[in-house]
Amino acid sequence: MIEISIQGRGGQGVVIASKILASAFFIEGKWVQSFPSFGGERRGAPVRAFVRVDDNRILRRSLVYEPDHILILDASLFEEIDVSAGLKPGGWIVINSSKPPSFFRSLTQYHVATVDGSRIAFNFGLGSSVAPIVNTAMLGAFSRATRLVKIDSIIKGIREGVFQNMEANVESAMKTYQEVEAN
């Protein structure tokens, strides 16, 4: 089983990202679970969502405490919480950041990928410059970095799960897929 944690802030589309990612894996014939975990439900507060993927039926119903991979929609979370807590050694951590993977020196036991998803989302009109909606953009980067799910499946998941600005969301995912940097 593969367990993925998606972390961001309220308003960035963390929960929708988990649903789209689960849908993409389902399109590829996998068993999936997708579920959120959040406290104070307000814009800007830290939010986590999880995806489980397996070739067999998933019976586990707990939160994910030791993810195989982490997708970070907002790098400022590093200042508030231990975003890599529980991440298995050798796992991927894909970060929305304009900084290169080498900037994140404390994460050397993991594979690190970065892309400026905020810039890309804003350029495609997703949110504002202050609050870009980066969820779909970062799914493209996750696809490319981890190679766990095909970009075509991500795009199908976006088309099935996004009802506003669908083409801009698809284009942002494809752009981050092309631009992501990995160590």
# chains A, B, ... in the order shown; residues from 1 in each chain; ligands from 1
>>> residues_around(residues="A:Lys19", least_positions_apart="2", cutoff="9 Å", atoms="only C-alpha atoms", output="list in words")
Val14, Val15, Ile16, Ala17, Leu21, Ala22, Ser23, Ala24, Gln33, Ser34, Phe35, Val51, Gly157 and Gly161 of chain A
>>> write_last_selection(atoms="N, CA, C and O atoms", output="PDB file, in the first residue's frame")
ATOM      1  N   VAL A  14      -6.651  21.600  -0.909  1.00  0.00           N
ATOM      2  CA  VAL A  14      -6.019  20.377  -0.423  1.00  0.00           C
ATOM      3  C   VAL A  14      -6.961  19.177  -0.550  1.00  0.00           C
ATOM      4  O   VAL A  14      -6.582  18.119  -1.053  1.00  0.00           O
ATOM      5  N   VAL A  15      -8.189  19.343  -0.095  1.00  0.00           N
ATOM      6  CA  VAL A  15      -9.145  18.229  -0.102  1.00  0.00           C
ATOM      7  C   VAL A  15      -9.485  17.835  -1.535  1.00  0.00           C
ATOM      8  O   VAL A  15      -9.513  16.647  -1.879  1.00  0.00           O
ATOM      9  N   ILE A  16      -9.691  18.818  -2.396  1.00  0.00           N
ATOM     10  CA  ILE A  16      -9.992  18.505  -3.808  1.00  0.00           C
ATOM     11  C   ILE A  16      -8.791  17.831  -4.467  1.00  0.00           C
ATOM     12  O   ILE A  16      -8.961  16.912  -5.258  1.00  0.00           O
ATOM     13  N   ALA A  17      -7.578  18.257  -4.106  1.00  0.00           N
ATOM     14  CA  ALA A  17      -6.379  17.613  -4.657  1.00  0.00           C
ATOM     15  C   ALA A  17      -6.358  16.134  -4.287  1.00  0.00           C
ATOM     16  O   ALA A  17      -6.028  15.284  -5.126  1.00  0.00           O
ATOM     17  N   LEU A  21      -6.393  13.163  -7.017  1.00  0.00           N
ATOM     18  CA  LEU A  21      -5.308  12.176  -7.032  1.00  0.00           C
ATOM     19  C   LEU A  21      -5.861  10.763  -6.875  1.00  0.00           C
ATOM     20  O   LEU A  21      -5.456   9.850  -7.599  1.00  0.00           O
ATOM     21  N   ALA A  22      -6.799  10.583  -5.958  1.00  0.00           N
ATOM     22  CA  ALA A  22      -7.420   9.267  -5.791  1.00  0.00           C
ATOM     23  C   ALA A  22      -8.136   8.843  -7.071  1.00  0.00           C
ATOM     24  O   ALA A  22      -8.040   7.694  -7.501  1.00  0.00           O
ATOM     25  N   SER A  23      -8.819   9.769  -7.706  1.00  0.00           N
ATOM     26  CA  SER A  23      -9.513   9.474  -8.961  1.00  0.00           C
ATOM     27  C   SER A  23      -8.527   9.050 -10.046  1.00  0.00           C
ATOM     28  O   SER A  23      -8.785   8.109 -10.806  1.00  0.00           O
ATOM     29  N   ALA A  24      -7.378   9.727 -10.106  1.00  0.00           N
ATOM     30  CA  ALA A  24      -6.359   9.386 -11.110  1.00  0.00           C
ATOM     31  C   ALA A  24      -5.842   7.965 -10.899  1.00  0.00           C
ATOM     32  O   ALA A  24      -5.684   7.200 -11.858  1.00  0.00           O
ATOM     33  N   GLN A  33      -8.403   5.330  -1.321  1.00  0.00           N
ATOM     34  CA  GLN A  33      -9.125   6.059  -0.276  1.00  0.00           C
ATOM     35  C   GLN A  33      -8.636   7.497  -0.326  1.00  0.00           C
ATOM     36  O   GLN A  33      -7.460   7.746  -0.592  1.00  0.00           O
ATOM     37  N   SER A  34      -9.530   8.422  -0.041  1.00  0.00           N
ATOM     38  CA  SER A  34      -9.178   9.835   0.043  1.00  0.00           C
ATOM     39  C   SER A  34      -9.991  10.440   1.180  1.00  0.00           C
ATOM     40  O   SER A  34     -11.205  10.262   1.232  1.00  0.00           O
ATOM     41  N   PHE A  35      -9.302  11.157   2.094  1.00  0.00           N
ATOM     42  CA  PHE A  35     -10.018  11.755   3.224  1.00  0.00           C
ATOM     43  C   PHE A  35      -9.204  12.901   3.810  1.00  0.00           C
ATOM     44  O   PHE A  35      -7.977  12.887   3.794  1.00  0.00           O
ATOM     45  N   VAL A  51      -4.295  10.178   0.858  1.00  0.00           N
ATOM     46  CA  VAL A  51      -4.691   9.245  -0.193  1.00  0.00           C
ATOM     47  C   VAL A  51      -3.980   7.929   0.088  1.00  0.00           C
ATOM     48  O   VAL A  51      -2.773   7.924   0.360  1.00  0.00           O
ATOM     49  N   GLY A 157      -8.629  12.984 -14.088  1.00  0.00           N
ATOM     50  CA  GLY A 157      -9.159  13.266 -12.752  1.00  0.00           C
ATOM     51  C   GLY A 157      -9.574  14.719 -12.600  1.00  0.00           C
ATOM     52  O   GLY A 157     -10.607  15.022 -11.996  1.00  0.00           O
ATOM     53  N   GLY A 161     -13.291  16.087 -11.802  1.00  0.00           N
ATOM     54  CA  GLY A 161     -13.490  16.636 -10.465  1.00  0.00           C
ATOM     55  C   GLY A 161     -13.443  18.145 -10.326  1.00  0.00           C
ATOM     56  O   GLY A 161     -13.679  18.671  -9.240  1.00  0.00           O
TER      57      GLY A 161
END
>>> residues_around(residues="stretch 90-96 of chain A", least_positions_apart="5", cutoff="7 Å", atoms="only C-alpha atoms", output="PyMOL selection string")
chain A and resi 68-75+109-118+138+142+146
>>> closest_residue(among="A:Ile133, A:Gln7, A:Val180, A:Arg60", to="A:Val32", atoms="only C-alpha atoms")
A:Arg60
>>> residues_around(residues="A:Ala121", least_positions_apart="4", cutoff="7 Å", atoms="only C-alpha atoms", output="PyMOL selection string")
chain A and resi 117+125-126+132-134+137+172
>>> closest_residue(among="A:Val47, A:Ser18, A:Phe163, A:Ser5", to="A:Ala85", atoms="only C-alpha atoms")
A:Ser5
>>> closest_residue(among="A:Ile155, A:Val130, A:Leu107, A:Ile120", to="A:Asn183", atoms="only C-alpha atoms")
A:Leu107
>>> select_by_dssp(residues="stretch 36-71 of chain A", states="strand (DSSP E)", output="PyMOL selection string")
chain A and resi 36-37+46-54+69-71
>>> write_last_selection(atoms="N, CA, C and O atoms", output="compact mmCIF listing (two decimals), in the first residue's frame")
# COMPACT_ATOMS: atom_id res chain seq x y z
N PRO A 36 -9.91 13.93 4.33
CA PRO A 36 -9.23 15.09 4.91
C PRO A 36 -9.04 14.97 6.42
O PRO A 36 -9.66 14.12 7.07
N SER A 37 -8.22 15.85 6.96
CA SER A 37 -8.05 15.99 8.41
C SER A 37 -7.74 17.46 8.67
O SER A 37 -6.73 17.98 8.22
N PRO A 46 -3.72 25.49 8.51
CA PRO A 46 -3.16 24.25 7.95
C PRO A 46 -4.23 23.18 7.77
O PRO A 46 -5.09 23.00 8.63
N VAL A 47 -4.16 22.51 6.63
CA VAL A 47 -5.09 21.44 6.29
C VAL A 47 -4.28 20.28 5.73
O VAL A 47 -3.29 20.49 5.02
N ARG A 48 -4.70 19.06 6.08
CA ARG A 48 -4.08 17.87 5.51
C ARG A 48 -5.17 16.98 4.93
O ARG A 48 -6.28 16.94 5.43
N ALA A 49 -4.80 16.30 3.88
CA ALA A 49 -5.67 15.27 3.31
C ALA A 49 -4.78 14.10 2.95
O ALA A 49 -3.56 14.26 2.77
N PHE A 50 -5.37 12.94 2.86
CA PHE A 50 -4.60 11.73 2.65
C PHE A 50 -5.17 10.91 1.51
O PHE A 50 -6.38 10.93 1.26
N VAL A 51 -4.29 10.18 0.86
CA VAL A 51 -4.69 9.25 -0.19
C VAL A 51 -3.98 7.93 0.09
O VAL A 51 -2.77 7.92 0.36
N ARG A 52 -4.74 6.86 0.04
CA ARG A 52 -4.17 5.52 0.10
C ARG A 52 -4.42 4.86 -1.24
O ARG A 52 -5.50 5.00 -1.82
N VAL A 53 -3.42 4.10 -1.70
CA VAL A 53 -3.49 3.43 -3.01
C VAL A 53 -2.97 2.01 -2.85
O VAL A 53 -1.94 1.80 -2.20
N ASP A 54 -3.66 1.06 -3.45
CA ASP A 54 -3.19 -0.32 -3.39
C ASP A 54 -3.77 -1.10 -4.57
O ASP A 54 -4.75 -0.67 -5.19
N HIS A 69 4.88 9.32 0.77
CA HIS A 69 5.18 10.54 0.00
C HIS A 69 4.34 11.69 0.55
O HIS A 69 3.26 11.47 1.09
N ILE A 70 4.86 12.91 0.38
CA ILE A 70 4.16 14.11 0.85
C ILE A 70 4.14 15.15 -0.27
O ILE A 70 5.15 15.38 -0.93
N LEU A 71 2.99 15.78 -0.42
CA LEU A 71 2.83 16.88 -1.37
C LEU A 71 2.52 18.13 -0.54
O LEU A 71 1.55 18.15 0.22
>>> closest_residue(among="A:Ala168, A:Ile151, A:Val162, A:Ala45", to="A:Phe25", atoms="only C-alpha atoms")
A:Ile151
>>> atom_distance(atom1="atom CA of A:Asn169", atom2="atom CA of A:Gly10")
18.2 Å
>>> residues_around(residues="A:Asp55", least_positions_apart="6", cutoff="9 Å", atoms="only C-alpha atoms", output="short mmCIF file (atom, residue, chain, number, x, y, z; two decimals) with N, CA and C atoms, in the first residue's frame")
data_model
loop_
_atom_site.label_atom_id
_atom_site.label_comp_id
_atom_site.auth_asym_id
_atom_site.auth_seq_id
_atom_site.Cartn_x
_atom_site.Cartn_y
_atom_site.Cartn_z
N MET A 1 0.83 -1.18 0.00
CA MET A 1 0.00 0.00 0.00
C MET A 1 0.88 1.24 0.00
N GLY A 29 -6.83 1.71 -12.34
CA GLY A 29 -7.21 0.38 -11.87
C GLY A 29 -6.83 0.07 -10.43
N LYS A 30 -6.50 1.07 -9.65
CA LYS A 30 -6.10 0.87 -8.25
C LYS A 30 -7.29 1.01 -7.31
N TRP A 31 -7.17 0.42 -6.13
CA TRP A 31 -8.08 0.66 -5.03
C TRP A 31 -7.59 1.93 -4.34
N VAL A 32 -8.50 2.80 -3.92
CA VAL A 32 -8.09 4.09 -3.33
C VAL A 32 -8.97 4.48 -2.15
#
>>> closest_residue(among="A:Ile20, A:Leu63, A:Leu148, A:Ala182", to="A:Pro101", atoms="only C-alpha atoms")
A:Ala182
>>> select_by_dssp(residues="chain A", states="alpha helix (DSSP H)", output="MDAnalysis selection string")
chainID A and resid 14:27 117:123 135:146 151:161 166:179
>>> closest_residue(among="A:Gln12, A:Glu3, A:Thr176, A:Phe103", to="A:Leu139", atoms="only C-alpha atoms")
A:Thr176
>>> residues_around(residues="A:Glu66", least_positions_apart="3", cutoff="7 Å", atoms="only C-alpha atoms", output="PyMOL selection string")
chain A and resi 86-88
>>> write_last_selection(atoms="C-alpha atoms", output="PDB file, in the first residue's frame")
ATOM      1  CA  GLY A  86       6.624  10.371   9.755  1.00  0.00           C
ATOM      2  CA  LEU A  87       7.732  10.431   6.114  1.00  0.00           C
ATOM      3  CA  LYS A  88       9.410   7.142   5.321  1.00  0.00           C
TER       4      LYS A  88
END
